[in-house]
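As stored in query03.cif (mmCIF, C-alpha atoms (C1' of nucleotides)):
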```cif
data_data
loop_
_atom_site.label_atom_id
_atom_site.label_comp_id
_atom_site.auth_asym_id
_atom_site.auth_seq_id
_atom_site.Cartn_x
_atom_site.Cartn_y
_atom_site.Cartn_z
CA MET A 892 41.88 26.13 14.22
CA LYS A 893 38.49 27.41 15.18
CA GLN A 894 36.75 26.30 12.03
CA GLU A 895 38.31 22.84 12.19
CA LYS A 896 36.87 22.15 15.62
CA LEU A 897 33.45 23.27 14.52
CA GLU A 898 33.49 21.07 11.46
CA SER A 899 34.74 18.14 13.44
CA ILE A 900 31.97 18.52 15.98
CA LEU A 901 29.29 18.85 13.33
CA ASP A 902 30.57 16.02 11.20
CA THR A 903 30.85 13.65 14.13
CA SER A 904 27.44 14.68 15.38
CA ARG A 905 25.96 14.06 11.96
CA LYS A 906 27.28 10.52 11.91
CA MET A 907 26.34 9.70 15.49
CA PHE A 908 22.85 11.20 15.25
CA GLY A 909 22.37 9.42 11.96
CA ARG A 910 23.26 6.06 13.41
CA TYR A 911 21.84 6.24 16.92
CA GLY A 912 19.35 9.09 16.88
CA ILE A 913 19.49 12.21 19.03
CA GLN A 914 18.31 10.46 22.18
CA LYS A 915 20.86 7.70 22.20
CA THR A 916 23.83 9.90 21.40
CA SER A 917 25.53 11.58 24.36
CA LEU A 918 27.56 14.74 24.20
CA HIS A 919 30.26 12.88 26.08
CA GLU A 920 30.52 10.45 23.17
CA ILE A 921 30.46 13.22 20.59
CA ALA A 922 33.24 15.04 22.43
CA ARG A 923 35.36 11.90 22.57
CA MET A 924 34.82 10.98 18.89
CA ALA A 925 35.36 14.54 17.71
CA ARG A 926 38.49 14.80 19.89
CA VAL A 927 37.44 17.96 21.66
CA ALA A 928 36.55 18.74 25.24
CA LYS A 929 32.88 18.75 26.08
CA ALA A 930 33.31 22.35 27.21
CA THR A 931 34.49 23.26 23.72
CA ILE A 932 31.21 22.08 22.29
CA TYR A 933 29.51 24.60 24.53
CA ASN A 934 31.75 27.32 23.16
CA TYR A 935 30.04 26.79 19.84
CA PHE A 936 26.58 25.56 20.68
CA GLY A 937 24.05 26.41 23.32
CA SER A 938 22.54 22.96 23.57
CA LYS A 939 22.42 19.47 22.18
CA ASP A 940 19.24 20.33 20.30
CA GLN A 941 21.02 23.23 18.61
CA ILE A 942 23.71 20.91 17.32
CA TYR A 943 21.07 18.58 15.98
CA LEU A 944 19.19 21.38 14.28
CA GLU A 945 22.41 22.67 12.75
CA VAL A 946 23.14 19.18 11.42
CA LEU A 947 19.68 19.06 9.89
CA ASN A 948 20.10 22.53 8.40
CA ARG A 949 23.40 21.56 6.86
CA GLU A 950 22.01 18.39 5.35
CA SER A 951 19.09 20.39 4.04
CA ASN A 952 21.38 23.01 2.52
CA ASP A 953 23.59 20.33 1.00
CA VAL A 954 20.64 18.70 -0.71
CA ILE A 955 19.41 21.95 -2.18
CA GLU A 956 22.92 22.98 -3.20
CA LYS A 957 23.58 19.69 -4.97
CA ILE A 958 20.22 19.67 -6.70
CA SER A 959 20.82 23.22 -7.90
CA VAL A 960 24.21 22.34 -9.31
CA ALA A 961 22.83 19.28 -11.06
CA VAL A 962 19.94 21.21 -12.54
CA ASP A 963 22.31 23.90 -13.79
CA GLN A 964 24.30 21.31 -15.72
CA VAL A 965 21.59 21.02 -18.36
CA THR A 966 19.86 23.76 -20.29
CA SER A 967 16.46 22.66 -21.55
CA PRO A 968 13.65 22.97 -19.01
CA ALA A 969 12.43 19.45 -19.71
CA ASP A 970 15.90 18.08 -18.97
CA LYS A 971 16.06 20.21 -15.85
CA LEU A 972 12.88 18.61 -14.59
CA ARG A 973 14.15 15.11 -15.18
CA VAL A 974 17.51 15.93 -13.59
CA PHE A 975 15.76 17.57 -10.64
CA MET A 976 13.91 14.39 -9.79
CA HIS A 977 16.92 12.13 -10.04
CA ALA A 978 19.13 14.55 -8.11
CA LYS A 979 16.55 14.98 -5.39
CA PHE A 980 16.35 11.29 -4.70
CA ARG A 981 20.05 10.67 -5.10
CA TYR A 982 21.06 13.33 -2.61
CA MET A 983 18.21 12.88 -0.19
CA LYS A 984 19.52 9.39 0.39
CA GLU A 985 22.68 10.93 1.82
CA ALA A 986 20.76 13.24 4.14
CA ILE A 987 20.37 10.48 6.67
CA ASN A 988 19.16 12.62 9.57
CA ILE A 989 16.47 14.28 7.51
CA LEU A 990 15.30 10.91 6.28
CA ASN A 991 15.11 9.63 9.83
CA LEU A 992 12.68 12.42 10.65
CA GLY A 993 10.17 10.58 8.50
CA ARG A 994 10.51 7.30 10.33
CA GLU A 995 9.80 8.66 13.75
CA GLY A 996 6.28 9.31 14.95
CA ILE A 997 4.93 12.81 14.62
CA ASP A 998 4.79 13.25 18.39
CA ASN A 999 8.35 12.68 19.52
CA LEU A 1000 9.88 15.13 17.09
CA LEU A 1001 11.60 18.36 18.04
CA PRO A 1002 9.16 21.10 17.04
CA LYS A 1003 11.67 23.00 14.93
CA THR A 1004 12.47 19.96 12.82
CA SER A 1005 9.21 20.24 10.98
CA SER A 1006 10.00 23.82 10.03
CA ILE A 1007 13.32 22.63 8.61
CA ARG A 1008 11.49 20.05 6.54
CA ASP A 1009 8.99 22.65 5.44
CA ARG A 1010 11.79 24.98 4.41
CA LEU A 1011 13.48 22.22 2.42
CA PHE A 1012 10.20 21.48 0.69
CA SER A 1013 9.64 25.13 -0.03
CA ARG A 1014 13.09 25.51 -1.54
CA GLU A 1015 12.51 22.50 -3.73
CA VAL A 1016 9.31 24.12 -4.89
CA ASN A 1017 11.24 27.30 -5.65
CA ILE A 1018 13.60 25.42 -7.92
CA LEU A 1019 10.68 23.72 -9.62
CA HIS A 1020 9.04 27.11 -9.97
CA SER A 1021 12.04 28.62 -11.73
CA ILE A 1022 12.31 25.63 -14.05
CA LEU A 1023 8.67 25.91 -15.00
CA GLU A 1024 9.00 29.66 -15.43
CA LYS A 1025 11.96 29.26 -17.75
CA GLY A 1026 10.03 26.66 -19.72
CA VAL A 1027 7.05 28.95 -20.08
CA THR A 1028 9.19 31.93 -21.05
CA GLU A 1029 10.89 29.87 -23.73
CA GLY A 1030 7.53 28.71 -25.02
CA ILE A 1031 8.35 25.11 -24.23
CA PHE A 1032 5.88 24.60 -21.41
CA TYR A 1033 2.26 25.47 -21.14
CA VAL A 1034 1.35 25.86 -17.48
CA SER A 1035 -1.74 27.72 -16.36
CA ASN A 1036 -0.64 28.34 -12.79
CA ILE A 1037 3.09 27.98 -12.25
CA MET A 1038 3.06 28.22 -8.47
CA LEU A 1039 0.27 25.70 -8.12
CA THR A 1040 1.94 23.30 -10.50
CA ALA A 1041 5.30 23.57 -8.79
CA ARG A 1042 3.71 22.71 -5.48
CA ALA A 1043 1.75 19.86 -7.01
CA ILE A 1044 4.93 18.31 -8.37
CA GLY A 1045 6.59 18.81 -5.01
CA TYR A 1046 3.78 17.06 -3.17
CA ALA A 1047 3.70 14.25 -5.68
CA LEU A 1048 7.41 13.57 -5.25
CA ARG A 1049 6.81 13.23 -1.53
CA GLY A 1050 4.76 10.17 -2.32
CA PHE A 1051 7.93 8.50 -3.51
CA GLU A 1052 9.98 9.56 -0.53
CA THR A 1053 7.97 7.51 1.92
CA THR A 1054 8.24 4.55 -0.41
CA TRP A 1055 11.91 4.18 -1.09
CA LEU A 1056 12.78 4.76 2.54
CA LEU A 1057 12.32 1.02 2.92
CA GLU A 1058 12.95 -0.08 -0.64
CA GLU A 1059 16.58 -0.43 -1.53
CA ASN A 1060 15.98 -1.38 -5.15
CA ASN A 1061 17.56 1.62 -6.77
CA GLY A 1062 16.91 0.65 -10.37
CA GLU A 1063 13.20 0.33 -9.77
CA ILE A 1064 13.07 3.87 -8.44
CA GLU A 1065 15.04 5.24 -11.39
CA LYS A 1066 12.57 3.60 -13.76
CA HIS A 1067 9.66 5.17 -11.91
CA LEU A 1068 11.29 8.58 -12.01
CA ASP A 1069 11.90 8.41 -15.74
CA ASN A 1070 8.35 7.33 -16.35
CA LEU A 1071 7.02 10.06 -14.09
CA SER A 1072 9.01 12.83 -15.72
CA TYR A 1073 7.83 11.62 -19.12
CA ILE A 1074 4.21 11.69 -18.04
CA LEU A 1075 4.72 15.07 -16.45
CA CYS A 1076 5.94 16.49 -19.71
CA SER A 1077 3.71 14.73 -22.18
CA GLY A 1078 0.60 13.74 -20.31
CA ILE A 1079 -1.22 10.55 -21.11
CA LEU A 1080 -3.77 11.91 -23.53
CA VAL A 1081 -3.27 11.12 -27.17
CA ARG A 1082 -2.40 14.43 -28.84
CA ARG A 1083 -4.98 15.69 -31.23
CA GLU A 1084 -4.29 19.38 -31.57
CA VAL A 1085 -1.55 21.67 -32.78
CA VAL A 1086 -0.76 24.76 -30.80
CA MET B 59 -29.52 -11.19 15.99
CA LYS B 60 -26.05 -12.58 15.41
CA GLN B 61 -25.12 -10.12 12.72
CA GLU B 62 -26.33 -7.19 14.82
CA LYS B 63 -23.96 -8.00 17.65
CA LEU B 64 -21.05 -8.33 15.31
CA GLU B 65 -21.78 -5.02 13.62
CA SER B 66 -22.26 -3.31 16.94
CA ILE B 67 -18.92 -4.57 18.20
CA LEU B 68 -17.09 -3.57 15.05
CA ASP B 69 -18.74 -0.19 14.77
CA THR B 70 -18.05 0.68 18.38
CA SER B 71 -14.48 -0.54 18.10
CA ARG B 72 -13.97 1.55 15.00
CA LYS B 73 -15.02 4.69 16.82
CA MET B 74 -13.09 3.96 20.01
CA PHE B 75 -9.90 2.96 18.21
CA GLY B 76 -10.25 5.97 15.98
CA ARG B 77 -10.50 8.32 18.92
CA TYR B 78 -8.15 6.79 21.49
CA GLY B 79 -5.98 4.37 19.54
CA ILE B 80 -5.70 0.64 20.12
CA GLN B 81 -3.61 0.98 23.26
CA LYS B 82 -5.87 3.30 25.15
CA THR B 83 -9.08 1.45 24.34
CA SER B 84 -10.02 -1.44 26.63
CA LEU B 85 -12.23 -4.37 25.72
CA HIS B 86 -14.24 -3.63 28.82
CA GLU B 87 -15.12 -0.23 27.42
CA ILE B 88 -15.92 -1.63 24.00
CA ALA B 89 -18.21 -4.24 25.56
CA ARG B 90 -20.00 -1.61 27.59
CA MET B 91 -20.41 0.82 24.69
CA ALA B 92 -21.46 -1.93 22.28
CA ARG B 93 -23.87 -3.29 24.89
CA VAL B 94 -22.59 -6.83 24.76
CA ALA B 95 -20.78 -9.03 27.25
CA LYS B 96 -17.05 -9.18 26.99
CA ALA B 97 -17.36 -12.93 26.50
CA THR B 98 -19.50 -12.31 23.44
CA ILE B 99 -16.67 -10.40 21.85
CA TYR B 100 -14.56 -13.50 22.24
CA ASN B 101 -17.24 -15.51 20.48
CA TYR B 102 -16.48 -13.50 17.40
CA PHE B 103 -12.85 -12.54 17.72
CA GLY B 104 -9.78 -14.30 18.98
CA SER B 105 -8.06 -11.20 20.27
CA LYS B 106 -8.09 -7.44 20.54
CA ASP B 107 -5.62 -7.23 17.68
CA GLN B 108 -7.95 -9.24 15.48
CA ILE B 109 -10.75 -6.76 16.08
CA TYR B 110 -8.44 -3.92 15.21
CA LEU B 111 -7.27 -5.61 12.03
CA GLU B 112 -10.87 -6.32 11.04
CA VAL B 113 -11.72 -2.65 11.59
CA LEU B 114 -8.82 -1.66 9.36
CA ASN B 115 -9.85 -4.18 6.72
CA ARG B 116 -13.38 -2.85 6.72
CA GLU B 117 -12.26 0.73 6.38
CA SER B 118 -9.97 -0.33 3.59
CA ASN B 119 -12.74 -2.21 1.81
CA ASP B 120 -15.12 0.71 2.26
CA VAL B 121 -12.68 3.11 0.65
CA ILE B 122 -12.11 0.86 -2.34
CA GLU B 123 -15.82 0.13 -2.68
CA LYS B 124 -16.73 3.82 -2.61
CA ILE B 125 -14.01 4.80 -5.03
CA SER B 126 -15.12 2.08 -7.41
CA VAL B 127 -18.72 3.23 -7.30
CA ALA B 128 -17.69 6.84 -7.89
CA VAL B 129 -15.45 5.92 -10.80
CA ASP B 130 -18.23 3.86 -12.36
CA GLN B 131 -20.52 6.89 -12.37
CA VAL B 132 -18.65 8.45 -15.27
CA THR B 133 -17.68 6.93 -18.57
CA SER B 134 -14.71 8.70 -20.12
CA PRO B 135 -11.31 7.52 -18.85
CA ALA B 136 -10.13 11.09 -18.29
CA ASP B 137 -13.17 11.75 -16.10
CA LYS B 138 -12.60 8.51 -14.29
CA LEU B 139 -9.09 9.63 -13.40
CA ARG B 140 -10.28 12.94 -12.07
CA VAL B 141 -13.09 11.30 -10.13
CA PHE B 142 -10.70 8.69 -8.77
CA MET B 143 -8.51 11.33 -7.19
CA HIS B 144 -11.33 13.26 -5.62
CA ALA B 145 -13.04 10.12 -4.35
CA LYS B 146 -9.84 8.74 -2.91
CA PHE B 147 -9.24 11.80 -0.80
CA ARG B 148 -12.85 12.27 0.15
CA TYR B 149 -13.28 8.75 1.43
CA MET B 150 -9.86 8.30 2.92
CA LYS B 151 -10.74 11.12 5.27
CA GLU B 152 -13.46 8.89 6.71
CA ALA B 153 -11.10 5.96 7.19
CA ILE B 154 -9.83 7.41 10.43
CA ASN B 155 -8.01 4.33 11.68
CA ILE B 156 -6.12 3.87 8.45
CA LEU B 157 -5.14 7.52 8.50
CA ASN B 158 -3.89 7.17 12.06
CA LEU B 159 -1.50 4.46 10.92
CA GLY B 160 0.42 7.20 9.16
CA ARG B 161 0.80 9.35 12.25
CA GLU B 162 2.33 6.69 14.44
CA GLY B 163 6.00 5.80 14.25
CA ILE B 164 6.98 2.82 12.15
CA ASP B 165 8.06 0.87 15.22
CA ASN B 166 4.95 0.67 17.36
CA LEU B 167 2.73 -0.59 14.57
CA LEU B 168 1.16 -4.03 14.47
CA PRO B 169 3.09 -5.90 11.75
CA LYS B 170 -0.01 -6.87 9.81
CA THR B 171 -1.19 -3.28 9.51
CA SER B 172 1.42 -2.54 6.91
CA SER B 173 0.18 -5.40 4.76
CA ILE B 174 -3.33 -3.93 4.97
CA ARG B 175 -1.99 -0.60 3.80
CA ASP B 176 -0.06 -2.29 1.04
CA ARG B 177 -3.17 -4.15 -0.06
CA LEU B 178 -5.17 -0.92 -0.13
CA PHE B 179 -2.46 0.70 -2.22
CA SER B 180 -2.33 -2.25 -4.55
CA ARG B 181 -6.10 -2.18 -5.05
CA GLU B 182 -5.95 1.53 -5.82
CA VAL B 183 -3.32 0.77 -8.40
CA ASN B 184 -5.56 -1.93 -9.86
CA ILE B 185 -8.34 0.58 -10.36
CA LEU B 186 -5.92 3.04 -11.92
CA HIS B 187 -4.65 0.24 -14.12
CA SER B 188 -8.09 -0.59 -15.43
CA ILE B 189 -8.83 3.08 -16.09
CA LEU B 190 -5.61 3.49 -18.04
CA GLU B 191 -6.28 0.26 -19.92
CA LYS B 192 -9.72 1.42 -20.92
CA GLY B 193 -8.26 4.72 -22.05
CA VAL B 194 -5.65 3.02 -24.16
CA THR B 195 -8.16 0.62 -25.67
CA GLU B 196 -10.41 3.49 -26.61
CA GLY B 197 -7.49 5.32 -28.17
CA ILE B 198 -7.85 8.19 -25.71
CA PHE B 199 -4.64 7.59 -23.76
CA TYR B 200 -1.15 6.93 -24.92
CA VAL B 201 0.72 5.08 -22.18
CA SER B 202 3.87 3.12 -22.88
CA ASN B 203 3.77 0.96 -19.75
CA ILE B 204 0.36 0.83 -18.10
CA MET B 205 1.42 -1.00 -14.95
CA LEU B 206 4.36 1.31 -14.35
CA THR B 207 2.25 4.38 -14.91
CA ALA B 208 -0.53 3.17 -12.63
CA ARG B 209 1.97 2.65 -9.85
CA ALA B 210 3.59 6.02 -10.51
CA ILE B 211 0.27 7.77 -10.13
CA GLY B 212 -0.41 5.79 -6.99
CA TYR B 213 2.89 6.77 -5.44
CA ALA B 214 2.43 10.38 -6.40
CA LEU B 215 -0.95 10.56 -4.71
CA ARG B 216 0.68 9.31 -1.52
CA GLY B 217 2.60 12.56 -1.46
CA PHE B 218 -0.66 14.36 -0.90
CA GLU B 219 -1.86 11.97 1.80
CA THR B 220 0.87 12.95 4.21
CA THR B 221 0.16 16.58 3.51
CA TRP B 222 -3.52 16.97 4.14
CA LEU B 223 -3.40 14.83 7.24
CA LEU B 224 -2.69 18.08 9.07
CA GLU B 225 -4.25 20.54 6.66
CA GLU B 226 -7.93 21.03 7.06
CA ASN B 227 -8.31 23.43 4.17
CA ASN B 228 -10.41 21.30 1.90
CA GLY B 229 -10.70 23.74 -0.96
CA GLU B 230 -6.95 24.01 -1.32
CA ILE B 231 -6.67 20.27 -1.73
CA GLU B 232 -9.44 20.17 -4.32
CA LYS B 233 -7.65 22.83 -6.33
CA HIS B 234 -4.43 20.82 -6.24
CA LEU B 235 -6.23 17.69 -7.32
CA ASP B 236 -7.85 19.39 -10.28
CA ASN B 237 -4.54 20.84 -11.35
CA LEU B 238 -2.81 17.51 -10.94
CA SER B 239 -5.36 15.60 -12.97
CA TYR B 240 -5.10 18.20 -15.71
CA ILE B 241 -1.31 17.90 -15.81
CA LEU B 242 -1.58 14.16 -15.74
CA CYS B 243 -3.77 14.18 -18.82
CA SER B 244 -2.17 16.96 -20.80
CA GLY B 245 1.39 17.22 -19.63
CA ILE B 246 3.13 20.56 -19.44
CA LEU B 247 4.84 20.53 -22.81
CA VAL B 248 3.38 22.77 -25.47
CA ARG B 249 1.87 20.49 -28.05
CA ARG B 250 3.55 20.54 -31.38
CA GLU B 251 2.54 17.34 -33.10
CA VAL B 252 -0.59 15.65 -34.37
CA VAL B 253 -1.08 11.95 -33.82
"C1'" DT C 685 -27.60 -22.65 20.77
"C1'" DT C 686 -26.10 -18.07 21.90
"C1'" DT C 687 -25.58 -14.56 25.26
"C1'" DT C 688 -24.57 -12.91 29.74
"C1'" DG C 689 -22.41 -11.48 34.10
"C1'" DG C 690 -19.09 -12.46 37.00
"C1'" DA C 691 -15.20 -14.70 38.85
"C1'" DC C 692 -10.51 -15.89 37.86
"C1'" DT C 693 -5.58 -15.84 36.06
"C1'" DA C 694 -1.66 -14.24 33.93
"C1'" DT C 695 0.26 -10.40 31.79
"C1'" DT C 696 0.87 -5.50 31.14
"C1'" DT C 697 0.67 -1.11 32.54
"C1'" DT C 698 1.03 2.35 36.00
"C1'" DC C 699 2.98 4.67 39.47
"C1'" DG C 700 5.90 6.18 43.23
"C1'" DT C 701 10.59 5.91 44.77
"C1'" DT C 702 15.46 5.45 44.28
"C1'" DT C 703 19.47 5.64 41.62
"C1'" DT C 704 22.10 6.52 37.89
"C1'" DG C 705 23.54 9.20 33.91
"C1'" DC C 706 23.92 13.14 31.44
"C1'" DA C 707 23.47 18.11 29.89
"C1'" DG C 708 25.33 22.09 30.94
"C1'" DT C 709 28.48 25.32 34.15
"C1'" DC C 710 32.63 26.69 36.16
"C1'" DT C 711 37.52 27.05 37.04
"C1'" DA C 712 42.33 26.88 36.94
"C1'" DA C 713 45.84 25.81 34.03
"C1'" DA C 714 48.04 25.22 29.45
"C1'" DT D 730 41.02 29.56 23.11
"C1'" DT D 731 41.22 25.14 24.48
"C1'" DT D 732 41.40 21.69 27.90
"C1'" DA D 733 40.55 18.35 31.78
"C1'" DG D 734 37.96 17.64 35.27
"C1'" DA D 735 35.04 18.59 39.07
"C1'" DC D 736 30.48 20.03 40.12
"C1'" DT D 737 25.23 20.80 40.08
"C1'" DG D 738 20.70 19.98 39.00
"C1'" DC D 739 17.62 17.78 36.26
"C1'" DA D 740 15.77 13.99 33.70
"C1'" DA D 741 15.57 9.59 32.58
"C1'" DA D 742 16.61 4.50 33.95
"C1'" DA D 743 15.58 0.92 37.28
"C1'" DC D 744 12.81 -1.20 40.25
"C1'" DG D 745 9.21 -3.16 42.80
"C1'" DA D 746 4.47 -2.77 44.37
"C1'" DA D 747 -0.23 -1.94 43.00
"C1'" DA D 748 -3.80 -1.48 39.57
"C1'" DA D 749 -5.71 -2.47 35.18
"C1'" DT D 750 -6.64 -5.36 31.48
"C1'" DA D 751 -6.59 -9.18 27.97
"C1'" DG D 752 -8.28 -13.42 27.70
"C1'" DT D 753 -10.62 -17.89 29.96
"C1'" DC D 754 -14.20 -20.39 32.11
"C1'" DC D 755 -18.67 -21.45 33.82
"C1'" DA D 756 -23.38 -21.67 35.39
"C1'" DA D 757 -27.57 -19.42 34.49
"C1'" DA D 758 -30.66 -16.99 31.41
"C1'" DA D 759 -32.60 -15.84 27.03
#
```
Written as structure tokens, how would this file's structure read?
Amino acid sequence: MKQEKLESILDTSRKMFGRYGIQKTSLHEIARMARVAKATIYNYFGSKDQIYLEVLNRESNDVIEKISVAVDQVTSPADKLRVFMHAKFRYMKEAINILNLGREGIDNLLPKTSSIRDRLFSREVNILHSILEKGVTEGIFYVSNIMLTARAIGYALRGFETTWLLEENNGEIEKHLDNLSYILCSGILVRREVV
Amino acid sequence: MKQEKLESILDTSRKMFGRYGIQKTSLHEIARMARVAKATIYNYFGSKDQIYLEVLNRESNDVIEKISVAVDQVTSPADKLRVFMHAKFRYMKEAINILNLGREGIDNLLPKTSSIRDRLFSREVNILHSILEKGVTEGIFYVSNIMLTARAIGYALRGFETTWLLEENNGEIEKHLDNLSYILCSGILVRREVV
DNA sequence: TTTTGGACTATTTTCGTTTTGCAGTCTAAA
DNA sequence: TTTAGACTGCAAAACGAAAATAGTCCAAAA
């Protein structure tokens, strides 16, 4: 019984915040939609902001979880990289509240939201790091500085995030991602040497 | 005499807008700082927004111009790529008003500003395109789809823009850029074949 | 012919006040 | 534990008055 209420509150909050934003969603509404008393919400959460942050954390965890699962489906490091990119964009699209963070101005954000974003980014980089490491260990990849490269890829992928927030053309994005992962693996220089 | 007034107005506006934003800068102040009569400003511009857009256009043109010059300093396509990245970030830092566009929320932007940004992006891609083309022609690069790749690189570099808006650590960025341009050229796969 | 200061208007913005709405607390009952 | 509902205090609408500002116009000066 306890867990159900909590899930109901969080799930409703996620939808309402996603549609109307934190400002324009009242706890009264959330309580009504989630079919709990407003007082119950305060049994679980200390404040509206806390609910919002928990929603963001959950979305963040979901994204990482789903990416991890997807990446684990394939074995070769090169495949893992390609799958990582596609999974990241596929599942980020479902993390509506995290995406909305990007649309709002820097000023009117809750301070802790940026640390959630940073943590998400850092966990993405961790996954990238382990993929690169595996590739290097297996002798498939040559990477001089794994950490640096993982972060570079992470930053680069951010460039796409801002783009397809407005674009809805999914196929276009997929094409870009394939191209990018190919470049990432092979480079654009004509190969002259054998290693 | 005419040109001087115009430059004075635009230069003053650039600084004021850069520091206080378009909202919090009054034409009265601009006129005073630029040492012209307010009426003179209206000899040259139809509205405050027009001045702002012209400032943005100039910053945009400056960036492209400077990048082009820098890229032309070197000859090999691989060098051009590396130089492109460094120049882009170096000179974008001086385009304060364009940078500020990124900080504000999507809503309270002048509609035409986004087309200026888009045009800047598109011109960057054009430069990248011509570099890649030269590389392919010279047999240095292997690129299956030049246009797609140019855009991919352009998008990727955006990922860094949002990052170093807050970061001031210049050296860190430079390191990332070097690493990125190396990956871009060589890929991360161990080379096995001769072409 | 272009520039200038200043006067003028029509909007915005600002600001102080009032009013409403909402987050968060508390309680008694289920 | 959960619930409905009443309650408080704060924070944000709502509003109207006052100030500021974008943009116009003109007669004089450069």
Point-to-point distance in Å for atom CA of Gly1078 of chain A and atom CA of Leu242 of chain B: 5.1 Å
Resolved residues for the PyMOL selection byres ((chain D) within 10 of (chain A)) as a list in words: DT730, DT731, DT732 and DA733 of chain D
Explicit residues for the PyMOL selection byres ((chain D and resi 751) around 12) (as a list in words):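 Applying the expression gives Gln81, Thr83, Ser84, Leu85, His86, Lys96, Ala97, Ile99, Tyr100, Gly104, Ser105, Lys106 and Asp107 of chain B; DT693, DA694, DT695, DT696 and DT697 of chain C; DA749, DT750, DG752 and DT753 of chain D.
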Restricting it to C-alpha atoms (C1' of nucleotides), dump the selection as a PDB file, keeping the file's coordinate frame.
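The resulting file, out18.pdb, is shown below:
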```
ATOM      1  CA  GLN B  81      -3.610   0.980  23.260  1.00  0.00           C
ATOM      2  CA  THR B  83      -9.080   1.450  24.340  1.00  0.00           C
ATOM      3  CA  SER B  84     -10.020  -1.440  26.630  1.00  0.00           C
ATOM      4  CA  LEU B  85     -12.230  -4.370  25.720  1.00  0.00           C
ATOM      5  CA  HIS B  86     -14.240  -3.630  28.820  1.00  0.00           C
ATOM      6  CA  LYS B  96     -17.050  -9.180  26.990  1.00  0.00           C
ATOM      7  CA  ALA B  97     -17.360 -12.930  26.500  1.00  0.00           C
ATOM      8  CA  ILE B  99     -16.670 -10.400  21.850  1.00  0.00           C
ATOM      9  CA  TYR B 100     -14.560 -13.500  22.240  1.00  0.00           C
ATOM     10  CA  GLY B 104      -9.780 -14.300  18.980  1.00  0.00           C
ATOM     11  CA  SER B 105      -8.060 -11.200  20.270  1.00  0.00           C
ATOM     12  CA  LYS B 106      -8.090  -7.440  20.540  1.00  0.00           C
ATOM     13  CA  ASP B 107      -5.620  -7.230  17.680  1.00  0.00           C
TER      14      ASP B 107
ATOM     15  C1'  DT C 693      -5.580 -15.840  36.060  1.00  0.00           C
ATOM     16  C1'  DA C 694      -1.660 -14.240  33.930  1.00  0.00           C
ATOM     17  C1'  DT C 695       0.260 -10.400  31.790  1.00  0.00           C
ATOM     18  C1'  DT C 696       0.870  -5.500  31.140  1.00  0.00           C
ATOM     19  C1'  DT C 697       0.670  -1.110  32.540  1.00  0.00           C
TER      20       DT C 697
ATOM     21  C1'  DA D 749      -5.710  -2.470  35.180  1.00  0.00           C
ATOM     22  C1'  DT D 750      -6.640  -5.360  31.480  1.00  0.00           C
ATOM     23  C1'  DG D 752      -8.280 -13.420  27.700  1.00  0.00           C
ATOM     24  C1'  DT D 753     -10.620 -17.890  29.960  1.00  0.00           C
TER      25       DT D 753
END
```
Interface residues on chain B facing chain A, 9 Å, only C-alpha atoms, written as a PyMOL selection string: chain B and resi 136+160-165+190+193-194+197-203+206-207+209-221+233-235+237-238+240-253
Interface residues on chain C facing chain A, 10 Å, all atoms listed in the file, written as a PyMOL selection string: chain C and resi 706-710
Selection as an MDAnalysis selection string: residues within 9 Å of (7.4, 5.1, 43.5), counting all atoms listed in the file: (chainID C and resid 699:702) or (chainID D and resid 744:746)
